[in-house]
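Only one structure is covered here, and it is reproduced in the block below.
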Amino acid sequence: MVLSMGIKVGITDTTFARVDMASVAVKKLNEMTSKVQIIRYTVPGMKDLPVACKKLIEEQGCEIVLALGMPGGKDKDKVCAHEASQGLMMAQLMTNKHIIEVFVHEDEAKDGKELDWLAKRRAVEHAENIYYMLFDQKYLEKQAGMGLREGFEDVGPAKR
Amino acid sequence: MVLSMGIKVGITDTTFARVDMASVAVKKLNEMTSKVQIIRYTVPGMKDLPVACKKLIEEQGCEIVLALGMPGGKDKDKVCAHEASQGLMMAQLMTNKHIIEVFVHEDEAKDGKELDWLAKRRAVEHAENIYYMLFDQKYLEKQAGMGLREGFEDVGPAKR
Amino acid sequence: MVLSMGIKVGITDTTFARVDMASVAVKKLNEMTSKVQIIRYTVPGMKDLPVACKKLIEEQGCEIVLALGMPGGKDKDKVCAHEASQGLMMAQLMTNKHIIEVFVHEDEAKDGKELDWLAKRRAVEHAENIYYMLFDQKYLEKQAGMGLREGFEDVGPAKR
Amino acid sequence: MVLSMGIKVGITDTTFARVDMASVAVKKLNEMTSKVQIIRYTVPGMKDLPVACKKLIEEQGCEIVLALGMPGGKDKDKVCAHEASQGLMMAQLMTNKHIIEVFVHEDEAKDGKELDWLAKRRAVEHAENIYYMLFDQKYLEKQAGMGLREGFEDVGPAKR
Amino acid sequence: MVLSMGIKVGITDTTFARVDMASVAVKKLNEMTSKVQIIRYTVPGMKDLPVACKKLIEEQGCEIVLALGMPGGKDKDKVCAHEASQGLMMAQLMTNKHIIEVFVHEDEAKDGKELDWLAKRRAVEHAENIYYMLFDQKYLEKQAGMGLREGFEDVGPAKR
């Protein structure tokens with residue numbers, strides 16, 4: 001008997017983040033489709049994410065990865081986030097696979113409650129993007145230039 | 001029967017952008033030549049563009065790619081644009097193919113209407129560059145050092 | 001007779017740093033497990049760490065590396081730290097191995113005594129992370145999104 | 001009959017620049033030696049230069065390339081120049097060939113006339129460097145640490 | 001007859017620098033050991049150093065390279081130094097060899113005389129590091145965390 005396990009989707013996250021974004025992303029993806037197999041990989045911090053994603057792609061066979069991180073509000077944290085982003089960029093170019101970066105900066109929210117809400121909503125909306133990228137590329141094409149935003153409200157097209 | 005499909009040109013764009021630049025670029029290119037076959041690929045955000053371009057080149061056989069993005073006006077957006085640009089640079093060096101970056105920063109325009117105009121005009125003028133790079137390299141050489149600009153007016157040579 | 005030497009863990013550090021972080025990290029790791037063999041490699045400064053780590057991985061067979069550095073408080077030092085971090089990122093992506101960066105900035109502490117305390121504590125806590133990454137990945141997954149910090153106190157989840 | 005074409009030297013420039021630096025560089029090189037064959041390649045902007053240089057090296061067989069660009073005076077232009085420079089750096093490391101970057105920032109000169117003068121003089125002096133690098137490495141060694149500058153006056157050694 | 005030439009050490013420097021650091025580094029290394037063969041390579045500016053170092057390693061067989069540069073005091077010079085440093089980092093990772101960066105910023109010294117002194121002293125102390133890295137790794141390990149500085153005085157350990 002051969003059991004098809006579906007397309008492998010990686011989800012990486014950190015112990016540094018202050019919201020468990022991975023769980024809501026997993027839940028959303030599983031609600032949208034039964035055609036994916038999710039592999040989760042938790043690392044200490046943001047800068048550990050790029051090689052974690054690359055390992056999920058090259059060693060575990062993931063077709064796409066969601067990278068969840070939460071940079072702090074200090075200048076040092078901004079530099080770390082930049083370095084992590086550059087790493088995620090490079091990991092994509094080295095593997096020819098998409099890694100969807102979902103970073104929620106602590107200073108984007110006014111308090112812990114809003115941060116929790118924002119992080120989960122952004123994670124969910126990027127889980128949706130993973131779905132469209134894998135199964136419904138035409139949907140994204142129809143939304144091209146529409147000013148979509150993940151987390152806060154969409155801003156919409158420049159000219160209405 | 002063999003059907004020649006022409007030189008493949010990739011066009012990548014985003015759902016984040018607030019103007020549909022791809023459509024005007026496609027239209028312009030098709031007006032200038034019937035010798036290209038355009039492949040369009042829409043992704044969520046700017047930082048998804050580099051690997052999208054690389055996939056168009058390596059997996060779809062594109063000879064050149066237009067990368068259309070629209071960074072927001074905040075500091076965070078500037079950093080994202082920088083990371084995306086570095087990725088596009090690296091993608092070119094890894095493939096030995098040109099990727100023409102067309103980024104229109106939201107704060108380049110005074111309002112939504114001007115932003116729409118600017119984005120479309122810049123996309124069109126870079127579609128023209130794609131044409132020259134593929135079919136009329138001599139035209140570009142004649143314009144070397146002439147202070148050309150895409151979008152706003154040309155500034156012209158330093159000394160007249 | 002074949003003698004198993006355990007999984008190789010690299011530890012790189014510098015003569016530039018003002019605290020001997022490596023010794024406490026080695027001690028901690030050896031307390032936690034007898035299943036690792038530690039290889040230490042000291043270089044002059046932070047920017048010598050990335051290739052040192054890569055050599056430990058590729059020439060000495062290390063499975064994971066701890067990179068210990070201590071950037072000074074001046075602007076020039078911040079740029080050096082950024083360059084070193086980018087190098088550590090790239091070294092990971094080129095080898096598919098984790099390199100845990102432990103940088104303690106001189107200006108994080110109010111005086112030499114606190115700097116000594118902070119550096120040692122952060123080194124110890126990252127030595128623990130090395131242990132979990134090698135032998136107890138599930139522990140990290142349980143701590144995902146819990147706002148853990150190495151050195152100073154954990155900040156905890158955004159919403160309690 | 002076999003016609004020796006000499007060592008291939010690439011010259012890349014842009015339609016964005018406001019001075020035709022390539023023509024004076026070509027002229028200077030041809031005055032200094034008949035042992036080189038110059039291949040010119042014009043692209044729209046600075047960020048198109050790195051892959052253009054790499055193509056000249058890998059596809060056209062150039063031994064060394066001169067990359068001529070003219071960043072504007074705005075913050076955005078500075079970031080573009082930085083990205084282009086990083087690309088030129090990477091292109092060199094990927095090919096083991098020198099690419100001499102000749103960037104003239106618009107804000108280095110007080111007006112268009114001085115900009116024209118500066119750009120041409122810097123292009124000429126870097127054309128001379130190309131010559132020394134190819135044919136007279138000893139000349140450069142004799143000038144080591146002498147505080148040479150291309151464009152404006154040499155500043156000379158620190159201690160006289 | 002076979003003549004052993006010793007371990008090859010590369011030294012790269014620039015005509016842009018205002019102090020001849022290479023000569024004092026060569027002298028120091030030759031005083032410390034007769035087991036090295038030094039290959040010197042002078043280029044115009046700092047940004048030409050990375051590929052020069054890589055060529056010394058890959059084409060000349062150098063085991064380690066000293067990269068001597070002197071960034072000016074202006075903002076533009078700082079950006080160039082950053083780009084050169086990133087290139088040196090990448091060159092190391094691509095070759096698995098150490099390149100010891102010795103950059104002396106013009107604004108580190110109060111006048112030309114001090115700049116001359118500082119540059120030479122830093123070059124000499126990094127020549128010593130080259131020696132230890134090649135022949136006495138244990139010496140560096142004993143100095144780990146001791147707050148050593150090249151050029152100005154050592155700062156020493158954080159806690160005494």
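So you can find residues: chains in the structure tokens are A, B, ... in the order shown, residues in each start at 1, and ligands are numbered from 1 in order.
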| request: Determine which residues of chain D sit within 8 Å of chain E, taking into account only C-alpha atoms, and present them as an MDAnalysis selection string. | output: chainID D and resid 82 85:86 89:90 92:93 96:100 129 133 137 140:141 143:149 155:159
What does the file look like for those residues with N, CA, C and O atoms, as an mmCIF file, in the first residue's frame?
```
data_model
loop_
_atom_site.group_PDB
_atom_site.id
_atom_site.type_symbol
_atom_site.label_atom_id
_atom_site.label_comp_id
_atom_site.auth_asym_id
_atom_site.auth_seq_id
_atom_site.Cartn_x
_atom_site.Cartn_y
_atom_site.Cartn_z
ATOM 1 N N HIS D 82 24.812 51.491 -3.519
ATOM 2 C CA HIS D 82 25.315 50.464 -2.590
ATOM 3 C C HIS D 82 24.979 49.065 -3.115
ATOM 4 O O HIS D 82 25.833 48.164 -3.110
ATOM 5 N N SER D 85 27.146 48.295 -6.081
ATOM 6 C CA SER D 85 28.525 48.007 -5.646
ATOM 7 C C SER D 85 28.642 46.596 -5.082
ATOM 8 O O SER D 85 29.611 45.891 -5.352
ATOM 9 N N GLN D 86 27.643 46.220 -4.279
ATOM 10 C CA GLN D 86 27.651 44.860 -3.741
ATOM 11 C C GLN D 86 27.585 43.835 -4.869
ATOM 12 O O GLN D 86 28.214 42.785 -4.814
ATOM 13 N N MET D 89 30.961 43.606 -6.548
ATOM 14 C CA MET D 89 31.853 42.842 -5.658
ATOM 15 C C MET D 89 31.627 41.339 -5.853
ATOM 16 O O MET D 89 32.568 40.565 -6.053
ATOM 17 N N MET D 90 30.357 40.951 -5.822
ATOM 18 C CA MET D 90 30.012 39.546 -5.951
ATOM 19 C C MET D 90 30.395 39.002 -7.334
ATOM 20 O O MET D 90 30.877 37.873 -7.448
ATOM 21 N N GLN D 92 32.810 39.902 -9.171
ATOM 22 C CA GLN D 92 34.270 39.666 -9.176
ATOM 23 C C GLN D 92 34.617 38.353 -8.497
ATOM 24 O O GLN D 92 35.431 37.573 -8.987
ATOM 25 N N LEU D 93 33.982 38.126 -7.327
ATOM 26 C CA LEU D 93 34.314 36.929 -6.560
ATOM 27 C C LEU D 93 33.846 35.659 -7.270
ATOM 28 O O LEU D 93 34.439 34.596 -7.126
ATOM 29 N N ASN D 96 36.578 35.547 -10.393
ATOM 30 C CA ASN D 96 38.023 35.761 -10.172
ATOM 31 C C ASN D 96 38.639 36.756 -11.159
ATOM 32 O O ASN D 96 39.808 36.641 -11.523
ATOM 33 N N LYS D 97 37.868 37.726 -11.566
ATOM 34 C CA LYS D 97 38.376 38.801 -12.426
ATOM 35 C C LYS D 97 38.087 40.153 -11.760
ATOM 36 O O LYS D 97 37.065 40.296 -11.085
ATOM 37 N N HIS D 98 38.956 41.103 -12.005
ATOM 38 C CA HIS D 98 38.724 42.443 -11.469
ATOM 39 C C HIS D 98 37.657 43.194 -12.271
ATOM 40 O O HIS D 98 37.635 43.122 -13.508
ATOM 41 N N ILE D 99 36.793 43.875 -11.561
ATOM 42 C CA ILE D 99 35.880 44.845 -12.177
ATOM 43 C C ILE D 99 36.158 46.171 -11.487
ATOM 44 O O ILE D 99 35.967 46.295 -10.274
ATOM 45 N N ILE D 100 36.661 47.129 -12.237
ATOM 46 C CA ILE D 100 37.005 48.420 -11.637
ATOM 47 C C ILE D 100 35.751 49.299 -11.635
ATOM 48 O O ILE D 100 35.249 49.683 -12.693
ATOM 49 N N ASN D 129 44.472 52.762 -14.587
ATOM 50 C CA ASN D 129 44.608 51.649 -13.627
ATOM 51 C C ASN D 129 44.435 50.295 -14.310
ATOM 52 O O ASN D 129 45.138 49.337 -14.005
ATOM 53 N N MET D 133 47.113 47.353 -14.171
ATOM 54 C CA MET D 133 46.745 46.033 -13.654
ATOM 55 C C MET D 133 47.019 44.923 -14.665
ATOM 56 O O MET D 133 47.395 43.817 -14.291
ATOM 57 N N GLN D 137 52.021 45.692 -13.156
ATOM 58 C CA GLN D 137 51.671 45.512 -11.755
ATOM 59 C C GLN D 137 52.720 46.164 -10.835
ATOM 60 O O GLN D 137 52.393 46.694 -9.772
ATOM 61 N N LEU D 140 51.997 49.791 -9.793
ATOM 62 C CA LEU D 140 51.036 49.950 -8.685
ATOM 63 C C LEU D 140 51.721 49.674 -7.351
ATOM 64 O O LEU D 140 51.499 50.379 -6.370
ATOM 65 N N GLU D 141 52.556 48.655 -7.307
ATOM 66 C CA GLU D 141 53.226 48.306 -6.055
ATOM 67 C C GLU D 141 54.090 49.464 -5.570
ATOM 68 O O GLU D 141 54.144 49.753 -4.379
ATOM 69 N N GLN D 143 53.457 52.515 -5.962
ATOM 70 C CA GLN D 143 52.560 53.581 -5.511
ATOM 71 C C GLN D 143 51.767 53.185 -4.260
ATOM 72 O O GLN D 143 50.947 53.976 -3.780
ATOM 73 N N ALA D 144 51.994 51.989 -3.739
ATOM 74 C CA ALA D 144 51.229 51.512 -2.569
ATOM 75 C C ALA D 144 51.369 52.483 -1.400
ATOM 76 O O ALA D 144 52.475 52.915 -1.075
ATOM 77 N N GLY D 145 50.228 52.820 -0.785
ATOM 78 C CA GLY D 145 50.253 53.688 0.382
ATOM 79 C C GLY D 145 50.559 55.142 0.080
ATOM 80 O O GLY D 145 50.845 55.925 0.988
ATOM 81 N N MET D 146 50.493 55.540 -1.189
ATOM 82 C CA MET D 146 50.849 56.910 -1.568
ATOM 83 C C MET D 146 49.658 57.861 -1.589
ATOM 84 O O MET D 146 49.794 59.023 -1.994
ATOM 85 N N GLY D 147 48.478 57.374 -1.186
ATOM 86 C CA GLY D 147 47.323 58.275 -1.111
ATOM 87 C C GLY D 147 46.861 58.776 -2.469
ATOM 88 O O GLY D 147 46.452 59.931 -2.604
ATOM 89 N N LEU D 148 46.890 57.912 -3.471
ATOM 90 C CA LEU D 148 46.417 58.311 -4.805
ATOM 91 C C LEU D 148 44.891 58.441 -4.809
ATOM 92 O O LEU D 148 44.186 57.742 -4.102
ATOM 93 N N ARG D 149 44.385 59.363 -5.616
ATOM 94 C CA ARG D 149 42.940 59.522 -5.795
ATOM 95 C C ARG D 149 42.646 59.627 -7.278
ATOM 96 O O ARG D 149 43.436 60.231 -8.018
ATOM 97 N N VAL D 155 45.871 62.824 -2.416
ATOM 98 C CA VAL D 155 46.075 63.436 -1.092
ATOM 99 C C VAL D 155 47.484 63.157 -0.557
ATOM 100 O O VAL D 155 47.956 63.837 0.334
ATOM 101 N N GLY D 156 48.137 62.168 -1.118
ATOM 102 C CA GLY D 156 49.516 61.895 -0.713
ATOM 103 C C GLY D 156 49.613 61.108 0.575
ATOM 104 O O GLY D 156 48.619 60.825 1.233
ATOM 105 N N PRO D 157 50.843 60.727 0.928
ATOM 106 C CA PRO D 157 51.070 59.924 2.137
ATOM 107 C C PRO D 157 50.743 60.705 3.407
ATOM 108 O O PRO D 157 50.801 61.945 3.413
ATOM 109 N N ALA D 158 50.419 59.977 4.484
ATOM 110 C CA ALA D 158 50.032 60.603 5.752
ATOM 111 C C ALA D 158 51.177 61.391 6.379
ATOM 112 O O ALA D 158 50.974 62.441 6.979
ATOM 113 N N LYS D 159 52.373 60.877 6.225
ATOM 114 C CA LYS D 159 53.539 61.480 6.880
ATOM 115 C C LYS D 159 54.521 61.858 5.786
ATOM 116 O O LYS D 159 54.844 61.055 4.932
#
```
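Backbone DSSP of chain B yields strand (DSSP E or B) at Ile7, Lys8, Val9, Gly10, Ile11, Thr12, Asp13, Thr14, Val36, Gln37, Ile38, Ile39, Arg40, Tyr41, Thr42, Val43, Ile64, Val65, Leu66, Ala67, Leu68, Gly69, Ile99, Ile100, Glu101, Val102 and Phe103 of chain B.
If you count only C-alpha atoms and ignore residues fewer than 5 places along the chain from D:Glu31, what sits within 12 Å of it is Val24, Ala25, Val26, Val36, Val124, Ala127, Glu128 and Tyr131 of chain D.
Relative to atom CA of A:Asp154, atom CA of A:His126 is found at 13.5 Å.
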Exercise for review: Check stretch 17-130 of chain A with DSSP on the backbone and list each residue it calls helix (DSSP H, G or I), as an MDAnalysis selection string.
Suggested key: chainID A and resid 21:32 46:58 75:95 106:108 112:130
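Minimum atom-to-atom distances from C:Ile57, C:Leu134, C:Ile39, C:Met46 to E:Glu101 were compared using only C-alpha atoms, and the lowest value belongs to C:Met46.
In this model, the gap between atom CA of A:Ala123 and atom CA of A:His105 comes to 12.9 Å.
Of the residues listed (D:Lys142, D:Ile11, D:Glu150, D:Arg122), D:Ile11 shows the shortest atom-to-atom separation from D:Gln60; distances use only C-alpha atoms.
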